[in-house]
Amino acid sequence: MRKKLMVLLLLLSVSIKWAKADEGMWLPYLLGQQTYNDMVKRGLKLTKEQLYSINKASLKDAIVIFGAGCTGEIVSAEGLVFTNHHCGYGAIAAASSVEHNYLKNGFYAKNKKEEIPANKLSVQFLVKVEDVTKEVEASLQGATAADRAKKEYQAYQGIIAKAVANTGYEAQIVPMFKNNQYLLFVYERYTDIRLVGTPPENVGKFGGDTDNWEWPRHTGDFSIFRVYAGKDGKPAPYAADNVPLKPKHFLPVSIKGVKENDYAMIFGYPGGTNRYETSYGVKLKTSIESPSLVNLRDVRLKAMLEEMKKDPAVKLQLASSYATIANYWKFFDGETKQLEKHGVLADKQKQEAAFSTWAQQKPEYASVMKDYEQAYKAWTPYAKQRMYLNEGILGSPVAAFAASLQNVENALVTPGAAKDAVKNAIEAADKARSGFLGVENKASDQKILSATARMFYTDIAKEQQPADFYASLKAKYGSLDEENTYRLWAAALMSNTIIFNDTKWKAFVANPDAVTLQQDPAFAYASAFLKNNSKYLPLYSQFAEKTKELGRIYLKGVIEMTPGANRYPDANFTMRLSYGQVKPYTPRDAVSYDYVCTMKGVLDKYVPGDYEFDLPENYVNLYNKKDFGQYKDAKRNDVVVCFITTNDITGGNSGSPVINANGELIGLAFDGNYEALSHKIQFDSKLNRTICVDVRYVLWCVEKLGGAKNIIDELKLVK
C-alpha cells in the first residue's frame, strides 16, 4: 500500500501545473497575492491598484486592443498610440498609393491637420471585468454536451444585454480554463483613429521573413496613431472637428535604457495558447496539421512574392495579406520542430498517465483519456483533407470569393424563397466583389489555383477527393500527374469566370439565376470541394464537440487533483500581464546571445537594393555621423535597436508595451525567438525570449530619421 501511494505521489508531481519562473499570462483583474508578491520580489514598484482599478486611473487604462488582433498603448495626454509597424501595416497600406507610398517611404504628420484617417480601424479600452461563472453555470444545470453551447450562448446574451444597457459599451463573455470559469469583459470602442507616423518599410520591416522569429533582430517594428473623440470625449464617427482623446492614463516614456536583469512587464491581449493540450492534440498537430499548413502556405507565398518583386503597385496591393500569411507560415514550421526537439509529446503523456492513475476511482474522470483516444482515432484520417481545403483550395482568393457565392445559390434554389432573400444575397455579393477586386492579383492567384488543386490530388486519399471534378479536369486538360494540366485549367478558369468580367457580372446581378452561377468555372470549382467536404463536416463537428467537453472535464479534474497549483488560464485575447527580466541566453553549445542589439548590427546586415535588407540613404548618413542625440546608449556608444526579455507572450501581444518597474514604457514587444516556438503549447523557461524594439530606437527614428520633433515634444520623457 505504501509503495502504491509513493508511486501516485510521484505521478502527481509530474502533472502539477505550477507556473515556472517567468511563465504565465496573468489576468490583472484576478492577480493573486502569490503572483503579485513575486512581481514585487523581482522589482515591481507599483501597487495592485496601480496595475488594475475600476475606480481610479491605472495601467489598464493606457492599454488598448488595436484593430482586430494587436495591442497598443496610449503614450500622451492627447491620445497618441504606439503599436507595431506590422499591426498598423494594413492601415498604412490602405492610406498609401503609388504616388504617396507611405508604406515604402514612411510618413510623419508634422501637425494634427496632416494626420490621415485610418478607415475601418478602431481601438477598444477595457472598462471592467466581472466573474459571471455562477450565472452561466446556473443556466447550464442538466444540459447535455450537445445542448451546452446553445445554452451558454443564451446565457451570454442575457448577461451582456444587462451589462451594457444604456452605456454605449460593448461586452463579451469569455470562458476560462476550458469553460470552467466565465468572465464578462466590458469595452469602450473608439472608431476615429488617425495615422500619425510610420518609418519606411525598410526600417519597420527590416530583415523581412529572413529575420522573422530570429535573434538578433534589427527591426524598427513600430507605428504611431492617434485616438479622436467627439467634443464630449466620447466615441464618435470620424469628423473633421473631433478632438484628440484625453485618456484616463498614459505611459511615461523612459529613455534611461535597459540593463541585464532589469524588471520587465508586458501588458496586452495575447491571442491564443493551448497549454492544457493533450498528447493526442500535440500528435495531430505535429504529424498532420502544421506540416500541411506550412507546405500550402509556402506555395501561396512563393506565388505572391514572385509578382510583388516585379511591380511596386503589386507589392503594395498584396503587402498586408502576404505579411499575415508569412508570419505564421514560419511560426508553425518552427513550432513543430521545437515540440519534437523538446519531447513535449512525452511530457504530455506522463501528465496524462498521472491523471489516469488518480482518476481510476472517480467516475466523472475515469474514462476521460480513453474517450480522448477514441475521438482522435475517429477524426485523424480526415484531418489532412480539412487542412488542404482551408489552407489550399480556399487559400486561392478567387476560390474563396467564389465559395462565398454559395449564399446566392442557396437563395436562388430554395423553393418559395422570398424575393428579398435573393435581392439581399445579390447585393451583398456585389458589394463583396468590389472589395475583392481591389485586392486581387490575378497572376499570383492563377499560380495558387494551379498548385493547390494539384497538391490536393497528389496528397489527399483518392476516396476523399471530389471525383467528378478531377475526372472532368482530366478529360478536358490532360493527365492529372502533369503540372501543365493544372496550369491550363487555372488559366481557363481565370479567363472565363464572370467574377472578373464586368459585363457578365452586371448581367447576372440584373437577372440572377442558379444555372448561370452553377456553370461558372470558379463557382463550380469551389462548390465541388465544399460539397465534397460536407461528408466530413458532421465528423468534424462531432470531434470538436466531444473534445471541447472532454477538455472541460479533464481540466476540471486536474484542478481538483492539484488544488494548490498557481495557475493562469490559456490566452484568449483578453487583457493579461506577464513579467520577467531583460536577459541574454545560450541556445546551444558554444553560442551565446547578448540581451541587446544595436544600429551597428543594422549596418552589418545592410545590402543596398536588397528586398529585405535595404536602408534609407539618410539612415546610413546619420549613423556614419553618429548623430544619435539623447537616444545613445552610453555603455555601447550606439543606439540600442532591440532587446530581449524572459516574458511569456504570444500572438496578439504584438504592439504591447514593455514596462519597467516604475510603470514607464521602455519598448514594444513584437516577436519571439525561434528556439522557443513551442510556447503556445508549452513554455520553455530556459530558452523563451520576447523580442522588443527599444523605445529609444523608436524615438531616434521619429526625430532623427523622420524629422518629427513635434511627436517627441508630446511625450513625457523620463531621462
# chains A, B, ... in the order shown; residues from 1 in each chain; ligands from 1

$ select_by_dssp --residues "stretch 252-474 of chain A" --states "strand (DSSP E or B)" --output "list in words"
Val253, Ser254, Tyr263, Ala264, Met265, Ile266, Phe267 and Gly268 of chain A

$ write_last_selection --atoms "C-alpha atoms" --output "PDB file, in the first residue's frame"
ATOM      1  CA  VAL A 253       8.468  57.043 -21.789  1.00  0.00           C
ATOM      2  CA  SER A 254      11.803  56.167 -20.215  1.00  0.00           C
ATOM      3  CA  TYR A 263      12.389  44.015 -14.346  1.00  0.00           C
ATOM      4  CA  ALA A 264      10.156  43.925 -17.443  1.00  0.00           C
ATOM      5  CA  MET A 265       6.373  43.742 -17.525  1.00  0.00           C
ATOM      6  CA  ILE A 266       4.179  43.353 -20.602  1.00  0.00           C
ATOM      7  CA  PHE A 267       0.508  44.310 -20.718  1.00  0.00           C
ATOM      8  CA  GLY A 268      -1.624  43.329 -23.677  1.00  0.00           C
TER       9      GLY A 268
END

$ closest_atom_pairs --of "stretch 332-408 of chain A" --to "stretch 561-576 of chain A" --cutoff "12 Å" --atoms "only C-alpha atoms" --output "tab-separated table"
residue	atom	partner	partner_atom	distance
A:Gln351	CA	A:Met561	CA	11.7
A:Ala354	CA	A:Met561	CA	9.9
A:Phe355	CA	A:Met561	CA	7.9
A:Ser356	CA	A:Met561	CA	10.8
A:Thr357	CA	A:Met561	CA	10.9
A:Trp358	CA	A:Met561	CA	7.5
A:Ala359	CA	A:Met561	CA	8.7
A:Lys362	CA	A:Met561	CA	10.9
A:Tyr365	CA	A:Met561	CA	10.7

$ write_last_selection --atoms "C-alpha atoms" --output "mmCIF file, in the first residue's frame"
data_model
loop_
_atom_site.group_PDB
_atom_site.id
_atom_site.type_symbol
_atom_site.label_atom_id
_atom_site.label_comp_id
_atom_site.auth_asym_id
_atom_site.auth_seq_id
_atom_site.Cartn_x
_atom_site.Cartn_y
_atom_site.Cartn_z
ATOM 1 C CA GLN A 351 0.916 14.072 -17.224
ATOM 2 C CA ALA A 354 -0.634 10.571 -13.682
ATOM 3 C CA PHE A 355 -4.160 11.871 -14.214
ATOM 4 C CA SER A 356 -5.468 8.436 -15.216
ATOM 5 C CA THR A 357 -3.936 6.872 -12.113
ATOM 6 C CA TRP A 358 -5.545 9.495 -9.888
ATOM 7 C CA ALA A 359 -8.893 9.226 -11.700
ATOM 8 C CA LYS A 362 -13.541 8.773 -9.768
ATOM 9 C CA TYR A 365 -12.921 11.424 -14.754
#

$ closest_residue --among "A:Glu340, A:Lys128, A:Ser450, A:Trp215" --to "A:Leu687" --atoms "only C-alpha atoms"
A:Trp215

$ closest_residue --among "A:Gly651, A:Pro397, A:Gly478, A:Pro466" --to "A:Phe436" --atoms "only C-alpha atoms"
A:Pro397

$ select_by_dssp --residues "stretch 441-548 of chain A" --states "alpha helix (DSSP H)" --output "ChimeraX atom specification"
/A:442-459,467-477,483-496,502-510,514-519,521-533,537-548

$ residues_around --residues "stretch 289-295 of chain A" --least-positions-apart "2" --cutoff "6 Å" --atoms "only C-alpha atoms" --output "list in words"
Lys285, Thr286, Arg297, Asp298, Trp329 and Phe332 of chain A

$ write_last_selection --atoms "C-alpha atoms" --output "PDB file, in the first residue's frame"
ATOM      1  CA  LYS A 285      -0.680  18.989 -34.839  1.00  0.00           C
ATOM      2  CA  THR A 286       2.909  17.870 -35.399  1.00  0.00           C
ATOM      3  CA  ARG A 297       1.372  28.479 -47.334  1.00  0.00           C
ATOM      4  CA  ASP A 298       4.827  28.062 -48.812  1.00  0.00           C
ATOM      5  CA  TRP A 329       3.987  30.047 -42.017  1.00  0.00           C
ATOM      6  CA  PHE A 332       4.129  26.678 -37.445  1.00  0.00           C
TER       7      PHE A 332
END

$ closest_residue --among "A:Ile644, A:Ala57, A:Ala383, A:Leu389" --to "A:Glu260" --atoms "only C-alpha atoms"
A:Ile644

$ atom_distance --atom1 "atom CA of A:Phe185" --atom2 "atom CA of A:Thr167"
13.9 Å

$ residues_around --residues "stretch 58-64 of chain A" --least-positions-apart "3" --cutoff "6 Å" --atoms "only C-alpha atoms" --output "MDAnalysis selection string"
chainID A and resid 50:53 71:74 123:125 249:250

$ write_last_selection --atoms "C-alpha atoms" --output "compact mmCIF listing (two decimals), in the first residue's frame"
# COMPACT_ATOMS: atom_id res chain seq x y z
CA GLN A 50 -1.98 50.97 -9.98
CA LEU A 51 -1.99 47.94 -12.26
CA TYR A 52 -5.77 47.45 -12.44
CA SER A 53 -8.57 49.51 -10.98
CA THR A 71 -2.25 45.68 -28.74
CA GLY A 72 -1.43 49.37 -28.48
CA GLU A 73 -0.59 51.78 -25.67
CA ILE A 74 -1.50 55.40 -25.01
CA VAL A 123 -9.30 50.74 -30.61
CA GLN A 124 -11.01 49.37 -27.52
CA PHE A 125 -10.43 50.30 -23.89
CA HIS A 249 -3.89 57.29 -18.08
CA PHE A 250 -0.92 57.34 -20.42

$ closest_atom_pairs --of "stretch 482-562 of chain A" --to "stretch 273-277 of chain A" --cutoff "10 Å" --atoms "only C-alpha atoms" --output "tab-separated table"
residue	atom	partner	partner_atom	distance
A:Gly551	CA	A:Glu277	CA	8.2
A:Tyr554	CA	A:Tyr276	CA	9.1
A:Leu555	CA	A:Tyr276	CA	7.5
A:Val558	CA	A:Tyr276	CA	9.7

$ residues_around --residues "stretch 226-243 of chain A" --least-positions-apart "3" --cutoff "9 Å" --atoms "only C-alpha atoms" --output "ChimeraX atom specification"
/A:74,78-82,115,117,119,122-123,168,188-196,246

$ residues_around --residues "A:Leu615" --least-positions-apart "3" --cutoff "12 Å" --atoms "only C-alpha atoms" --output "PyMOL selection string"
chain A and resi 104-106+199-207+218-220+599+602-612+618-623+705
